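Participant: Provided below: data.csv, containing CSV, C-alpha atoms and all ligand atoms.
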```csv
chain,number,residue,atom,x,y,z
X,1063,MET,CA,-7.3,-18.9,5.7
X,1064,ARG,CA,-3.5,-19.4,5.9
X,1065,LYS,CA,-3.3,-19.1,2.2
X,1066,LEU,CA,-5.8,-16.3,1.7
X,1067,HIS,CA,-4.4,-14.0,4.4
X,1068,PRO,CA,-0.8,-13.5,3.1
X,1069,LEU,CA,-2.1,-13.4,-0.5
X,1070,ALA,CA,-4.5,-10.5,0.3
X,1071,GLY,CA,-1.8,-8.8,2.4
X,1072,VAL,CA,0.8,-9.0,-0.3
X,1073,ILE,CA,-1.7,-7.8,-3.0
X,1074,ALA,CA,-2.5,-4.8,-0.8
X,1075,LEU,CA,1.2,-4.1,-0.2
X,1076,GLY,CA,2.0,-4.6,-3.9
X,1077,LEU,CA,-0.7,-2.2,-5.1
X,1078,ALA,CA,0.4,0.5,-2.6
X,1079,LEU,CA,4.0,0.1,-3.9
X,1080,LEU,CA,2.8,0.3,-7.5
X,1081,PHE,CA,0.8,3.5,-6.9
X,1082,TRP,CA,3.7,5.1,-5.0
X,1083,THR,CA,6.5,4.2,-7.4
X,1084,SER,CA,4.4,4.9,-10.6
X,1085,THR,CA,3.5,8.3,-9.2
X,1086,LEU,CA,7.0,9.2,-8.3
X,1087,LEU,CA,8.5,7.9,-11.6
X,1088,VAL,CA,5.9,9.5,-13.9
X,1089,GLU,CA,6.1,12.8,-12.1
X,1090,VAL,CA,9.9,12.9,-12.3
X,1091,LEU,CA,10.4,11.4,-15.8
X,1092,GLY,CA,7.0,11.5,-17.6
X,1093,SER,CA,5.1,13.9,-19.7
X,1094,ILE,CA,2.0,15.9,-18.5
X,1095,SER,CA,-0.3,13.5,-20.3
X,1096,GLN,CA,1.4,10.5,-18.7
X,1097,ILE,CA,1.1,12.1,-15.2
X,1098,ALA,CA,-2.6,12.7,-15.9
X,1099,TRP,CA,-3.0,9.1,-16.9
X,1100,VAL,CA,-1.4,7.7,-13.8
X,1101,LYS,CA,-3.2,10.0,-11.4
X,1102,THR,CA,-6.6,9.4,-13.0
X,1103,THR,CA,-6.1,5.6,-13.2
X,1104,ILE,CA,-5.2,5.1,-9.5
X,1105,PRO,CA,-8.8,5.8,-8.2
X,1106,TRP,CA,-10.1,2.9,-10.5
X,1107,VAL,CA,-7.7,0.4,-8.9
X,1108,LEU,CA,-7.9,1.8,-5.4
X,1109,PRO,CA,-11.1,-0.2,-4.4
X,1110,GLY,CA,-9.1,-3.4,-5.2
X,1111,MET,CA,-6.5,-2.3,-2.7
X,1112,VAL,CA,-9.0,-1.4,0.0
X,1113,LEU,CA,-10.8,-4.8,-0.6
X,1114,ALA,CA,-7.5,-6.7,-0.3
X,1115,LEU,CA,-6.6,-4.8,2.9
X,1116,ILE,CA,-10.1,-5.6,4.4
X,1117,ILE,CA,-9.7,-9.3,3.6
X,1118,ALA,CA,-6.1,-9.3,5.1
X,1119,ALA,CA,-7.4,-7.6,8.2
X,1120,ALA,CA,-10.4,-9.9,8.7
X,1121,SER,CA,-8.6,-13.1,7.9
X,1122,GLY,CA,-5.6,-12.0,10.1
X,1123,ARG,CA,-7.9,-11.4,13.0
X,1124,LYS,CA,-9.5,-14.9,12.5
X,1125,LEU,CA,-6.0,-16.6,12.3
X,1126,GLY,CA,-4.9,-14.6,15.3
X,1127,SER,CA,-7.8,-15.6,17.5
X,1128,ARG,CA,-6.3,-19.1,17.6
X,1129,VAL,CA,-3.0,-17.9,19.1
X,1130,PRO,CA,-2.8,-18.5,22.9
X,1131,SER,CA,-2.3,-15.2,24.7
X,1132,THR,CA,0.7,-16.4,26.8
X,1133,THR,CA,2.9,-17.4,23.9
X,1134,SER,CA,5.7,-15.3,22.3
X,1135,ALA,CA,3.5,-15.3,19.1
X,1136,ALA,CA,0.9,-13.2,21.0
X,1137,ALA,CA,3.4,-10.3,21.3
X,1138,VAL,CA,4.1,-10.4,17.6
X,1139,LEU,CA,0.4,-10.6,16.9
X,1140,GLY,CA,-0.3,-7.6,19.2
X,1141,ALA,CA,2.3,-5.6,17.2
X,1142,LYS,CA,0.6,-6.4,14.0
X,1143,ALA,CA,-2.9,-5.6,15.3
X,1144,LYS,CA,-1.7,-2.2,16.7
X,1145,ARG,CA,-0.6,-1.1,13.3
X,1146,MET,CA,-4.0,-1.6,11.7
X,1147,PRO,CA,-5.8,1.6,13.1
X,1148,PHE,CA,-2.9,3.7,11.8
X,1149,LEU,CA,-3.1,2.0,8.4
X,1150,ALA,CA,-6.8,2.4,8.1
X,1151,GLY,CA,-6.9,6.0,9.5
X,1152,ASN,CA,-4.1,7.1,7.2
X,1153,GLY,CA,-5.9,5.5,4.3
X,1154,LEU,CA,-9.4,6.8,5.0
X,1155,LEU,CA,-8.4,10.3,6.2
X,1156,ILE,CA,-5.4,11.1,3.9
X,1157,LEU,CA,-4.8,8.6,1.1
X,1158,ILE,CA,-8.3,8.1,-0.4
X,1159,PRO,CA,-9.2,11.8,-0.3
X,1160,SER,CA,-5.8,12.7,-1.7
X,1161,ALA,CA,-6.1,10.2,-4.6
X,1162,LEU,CA,-9.5,11.6,-5.5
X,1163,PHE,CA,-8.4,15.2,-5.3
X,1164,LEU,CA,-5.3,14.6,-7.4
X,1165,ALA,CA,-7.3,12.7,-10.0
X,1166,TRP,CA,-9.8,15.5,-10.2
X,1167,LYS,CA,-7.0,18.1,-10.6
X,1168,ALA,CA,-5.1,16.0,-13.1
X,1169,GLU,CA,-8.2,15.5,-15.2
X,1170,GLY,CA,-8.6,19.3,-15.4
X,1171,GLY,CA,-4.9,19.7,-16.2
X,1172,ALA,CA,-4.6,21.8,-13.0
X,1173,PHE,CA,-1.0,21.0,-11.9
X,1174,ASP,CA,-0.9,24.0,-9.5
X,1175,GLU,CA,0.4,24.6,-6.0
X,1176,ALA,CA,-2.5,22.7,-4.4
X,1177,PHE,CA,-1.8,19.7,-6.6
X,1178,VAL,CA,1.9,19.7,-5.5
X,1179,ALA,CA,1.1,20.2,-1.8
X,1180,VAL,CA,-1.5,17.3,-1.8
X,1181,GLN,CA,0.9,15.2,-3.9
X,1182,ILE,CA,3.7,15.6,-1.3
X,1183,LEU,CA,1.2,14.7,1.5
X,1184,GLU,CA,0.1,11.6,-0.4
X,1185,LEU,CA,3.6,10.4,-1.0
X,1186,VAL,CA,4.5,10.8,2.7
X,1187,ALA,CA,1.4,9.2,4.0
X,1188,GLY,CA,1.7,6.5,1.3
X,1189,ALA,CA,5.3,5.7,2.4
X,1190,ALA,CA,4.1,5.4,6.0
X,1191,ASN,CA,1.4,2.9,5.0
X,1192,ILE,CA,3.8,0.9,2.8
X,1193,THR,CA,6.2,0.7,5.8
X,1194,LEU,CA,3.4,-0.5,8.1
X,1195,MET,CA,2.2,-3.1,5.6
X,1196,ALA,CA,5.8,-4.3,5.1
X,1197,LEU,CA,6.3,-4.6,8.9
X,1198,ASN,CA,3.1,-6.7,9.1
X,1199,ALA,CA,4.3,-9.0,6.3
X,1200,ARG,CA,7.7,-9.4,8.1
X,1201,ASP,CA,5.9,-10.2,11.4
X,1202,GLY,CA,3.5,-12.5,9.5
X,1203,ARG,CA,6.5,-14.6,8.4
X,1204,ARG,CA,7.7,-14.7,12.0
X,1205,LEU,CA,4.2,-15.7,13.2
X,1206,ALA,CA,3.9,-18.5,10.6
X,1207,ASN,CA,7.1,-20.0,12.0
X,1208,LEU,CA,5.9,-19.6,15.6
X,1209,THR,CA,2.4,-21.0,15.2
X,1301,LIG,C1,-1.5,-5.1,6.1
X,1301,LIG,C2,-1.8,-6.1,6.9
X,1301,LIG,C3,-1.2,-7.4,6.9
X,1301,LIG,C4,-0.3,-8.0,6.0
X,1301,LIG,C5,0.4,-7.4,4.8
X,1301,LIG,C6,0.0,-9.3,6.5
X,1301,LIG,C7,0.8,-10.3,6.0
X,1301,LIG,C8,1.1,-11.5,6.4
X,1301,LIG,C9,2.0,-12.5,5.9
X,1301,LIG,C10,2.9,-12.2,4.6
X,1301,LIG,C11,2.0,-13.6,6.6
X,1301,LIG,C12,2.9,-14.8,6.4
X,1301,LIG,C13,2.3,-16.1,6.0
X,1301,LIG,C14,3.2,-17.2,5.7
X,1301,LIG,O1,4.5,-16.9,5.7
X,1301,LIG,O2,2.8,-18.3,5.5
X,1301,LIG,C15,1.1,-13.4,7.7
X,1301,LIG,C16,0.8,-14.3,8.7
X,1301,LIG,C17,-0.1,-14.0,9.7
X,1301,LIG,N1,-0.8,-12.9,10.0
X,1301,LIG,FE1,-0.8,-11.2,8.8
X,1301,LIG,N2,-0.8,-9.5,7.7
X,1301,LIG,C18,-1.5,-8.4,7.9
X,1301,LIG,C19,-2.4,-8.2,8.9
X,1301,LIG,C20,-2.7,-9.0,10.0
X,1301,LIG,C21,-3.5,-8.8,11.1
X,1301,LIG,C22,-4.3,-7.5,11.3
X,1301,LIG,C23,-3.5,-9.9,11.9
X,1301,LIG,C24,-4.2,-10.1,13.2
X,1301,LIG,C25,-4.3,-9.2,14.2
X,1301,LIG,C26,-2.6,-10.9,11.3
X,1301,LIG,C27,-2.3,-12.1,11.8
X,1301,LIG,C28,-1.5,-13.0,11.2
X,1301,LIG,C29,-1.3,-14.4,11.7
X,1301,LIG,C30,-1.9,-15.0,13.0
X,1301,LIG,C31,-0.4,-15.0,10.8
X,1301,LIG,C32,0.2,-16.4,10.9
X,1301,LIG,C33,-0.6,-17.3,10.1
X,1301,LIG,C34,-0.1,-18.8,10.0
X,1301,LIG,O3,0.2,-19.3,11.1
X,1301,LIG,O4,0.2,-19.3,8.9
X,1301,LIG,N3,-2.1,-10.3,10.1
X,1301,LIG,N4,0.5,-12.1,7.6
```
For the file at hand, write its structure as structure tokens.
Facilitator:
Amino acid sequence: MRKLHPLAGVIALGLALLFWTSTLLVEVLGSISQIAWVKTTIPWVLPGMVLALIIAAASGRKLGSRVPSTTSAAAVLGAKAKRMPFLAGNGLLILIPSALFLAWKAEGGAFDEAFVAVQILELVAGAANITLMALNARDGRRLANLT
């Protein structure tokens, strides 16, 4: 569990970073066909990211259940747990629908105003989730030293 948890967490964070940076890079520097490739490939990898996040959340909860509630580790644990509903809500309500919508638009070559608006929304929500995951990884390092 102590090995699986950070591995799953780092895979989820790494894939989110990959989606975010490849989107930004290809849209600034790439051709239309390269943009279409990145935007239509992301939904195929997305289930892997969701799975890694579910494994990180479940294994984290299990590891956390052994932490006594009076210790300083419990406060760090609470901060990690509190971020999870925001991460999941952002993912389910904004990021997954956006990724599917953008792939559908890109597949049809429809790089219109709706594409740009949803793309901006996706980049902002994605940056928020990357930040939350990075904070959980940082607090995880702290926890590993405290427990
Ligand atoms: C995106 C979500 C998460 C990420 C990226 C993440 C990442 C990490 C990382 C990188 C570590 C450090 C492990 C080490 O240095 O050996 C860690 C440890 C830990 N995490 Fe998470 N974590 C996440 C969610 C959670 C959740 C939801 C909980 C529980 C509420 C949790 C509880 C713990 C605990 C208890 C440890 C310490 C394990 C030990 O003693 O070795 N994590 N986490």
Participant: Taking only C-alpha atoms and all ligand atoms into account, report as JSON, numbers by chain which residues have an atom no farther than 9 Å from an atom of ligand LIG 1301 (chain X).
Facilitator: {"X": [1063, 1064, 1065, 1067, 1068, 1069, 1070, 1071, 1072, 1073, 1074, 1075, 1114, 1115, 1116, 1118, 1119, 1120, 1121, 1122, 1123, 1124, 1125, 1126, 1127, 1128, 1129, 1135, 1136, 1138, 1139, 1140, 1141, 1142, 1143, 1144, 1145, 1146, 1149, 1191, 1192, 1194, 1195, 1196, 1197, 1198, 1199, 1200, 1201, 1202, 1203, 1204, 1205, 1206, 1207, 1208, 1209]}
Participant: With distances taken over all atoms listed in the file, which of X:Ser1131, X:Pro1109, X:Phe1148, X:Ser1093 is nearest to Thr1193 (chain X)?
Facilitator: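 Comparing X:Ser1131, X:Pro1109, X:Phe1148, X:Ser1093 against Thr1193 (chain X), the winner is X:Phe1148.
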Participant: Fewer than 5 positions away in the same chain doesn't count, so skip those; otherwise give me all residues within 8 Å of Ala1168 (chain X), counting all atoms listed in the file, as a list in words.
Facilitator: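 So, after excluding close chain neighbours, the residues are Ile1097, Ala1098, Lys1101, Thr1102 and Phe1173 of chain X.
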Participant: When you count all atoms listed in the file, which of these residues is closest to Ala1187 (chain X): X:Thr1133, X:Trp1082, X:Leu1087, X:Ile1117?
Facilitator: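 So, comparing all the options, the nearest one is X:Trp1082.
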Participant: Tell me, in Å to one decimal, how far CA of Ala1078 (chain X) is from CA of Gly1110 (chain X).
Facilitator: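 Separation of CA of Ala1078 (chain X) and CA of Gly1110 (chain X): 10.6 Å.
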Participant: For Phe1081 (chain X), which residue among X:Ala1165, X:Ala1172, X:Ala1150, X:Leu1185 is the nearest when counting only C-alpha atoms?
Facilitator: X:Leu1185
Participant: Write out N, CA and C atoms for region 1078-1099 of chain X, as a CSV table (one decimal), in the coordinates of the input.
Facilitator:
```
chain,number,residue,atom,x,y,z
X,1078,ALA,N,-0.1,-0.8,-3.3
X,1078,ALA,CA,0.4,0.5,-2.6
X,1078,ALA,C,1.7,0.8,-3.2
X,1079,LEU,N,2.6,-0.2,-3.3
X,1079,LEU,CA,4.0,0.1,-3.9
X,1079,LEU,C,3.9,0.6,-5.3
X,1080,LEU,N,2.9,-0.1,-6.1
X,1080,LEU,CA,2.8,0.3,-7.5
X,1080,LEU,C,2.3,1.7,-7.6
X,1081,PHE,N,1.3,2.1,-6.8
X,1081,PHE,CA,0.8,3.5,-6.9
X,1081,PHE,C,1.9,4.5,-6.5
X,1082,TRP,N,2.7,4.1,-5.5
X,1082,TRP,CA,3.7,5.1,-5.0
X,1082,TRP,C,4.8,5.2,-6.0
X,1083,THR,N,5.3,4.1,-6.5
X,1083,THR,CA,6.5,4.2,-7.4
X,1083,THR,C,6.1,4.7,-8.8
X,1084,SER,N,4.9,4.4,-9.3
X,1084,SER,CA,4.4,4.9,-10.6
X,1084,SER,C,4.2,6.4,-10.5
X,1085,THR,N,3.7,6.9,-9.4
X,1085,THR,CA,3.5,8.3,-9.2
X,1085,THR,C,4.8,9.0,-9.2
X,1086,LEU,N,5.7,8.5,-8.4
X,1086,LEU,CA,7.0,9.2,-8.3
X,1086,LEU,C,7.8,9.2,-9.7
X,1087,LEU,N,7.8,8.0,-10.3
X,1087,LEU,CA,8.5,7.9,-11.6
X,1087,LEU,C,7.9,8.8,-12.7
X,1088,VAL,N,6.6,8.7,-12.8
X,1088,VAL,CA,5.9,9.5,-13.9
X,1088,VAL,C,6.1,11.0,-13.6
X,1089,GLU,N,6.1,11.4,-12.3
X,1089,GLU,CA,6.1,12.8,-12.1
X,1089,GLU,C,7.6,13.4,-12.3
X,1090,VAL,N,8.6,12.5,-12.1
X,1090,VAL,CA,9.9,12.9,-12.3
X,1090,VAL,C,10.3,12.8,-13.8
X,1091,LEU,N,9.9,11.7,-14.4
X,1091,LEU,CA,10.4,11.4,-15.8
X,1091,LEU,C,9.3,11.6,-16.9
X,1092,GLY,N,8.0,11.6,-16.5
X,1092,GLY,CA,7.0,11.5,-17.6
X,1092,GLY,C,6.5,12.8,-18.1
X,1093,SER,N,5.7,12.7,-19.1
X,1093,SER,CA,5.1,13.9,-19.7
X,1093,SER,C,3.8,14.3,-18.9
X,1094,ILE,N,3.3,15.4,-19.2
X,1094,ILE,CA,2.0,15.9,-18.5
X,1094,ILE,C,0.9,14.9,-18.7
X,1095,SER,N,0.8,14.4,-20.0
X,1095,SER,CA,-0.3,13.5,-20.3
X,1095,SER,C,-0.1,12.1,-19.6
X,1096,GLN,N,1.1,11.7,-19.4
X,1096,GLN,CA,1.4,10.5,-18.7
X,1096,GLN,C,1.1,10.6,-17.2
X,1097,ILE,N,1.5,11.8,-16.6
X,1097,ILE,CA,1.1,12.1,-15.2
X,1097,ILE,C,-0.4,12.0,-15.1
X,1098,ALA,N,-1.1,12.7,-16.0
X,1098,ALA,CA,-2.6,12.7,-15.9
X,1098,ALA,C,-3.1,11.3,-15.9
X,1099,TRP,N,-2.5,10.5,-16.8
X,1099,TRP,CA,-3.0,9.1,-16.9
X,1099,TRP,C,-2.9,8.3,-15.6
```
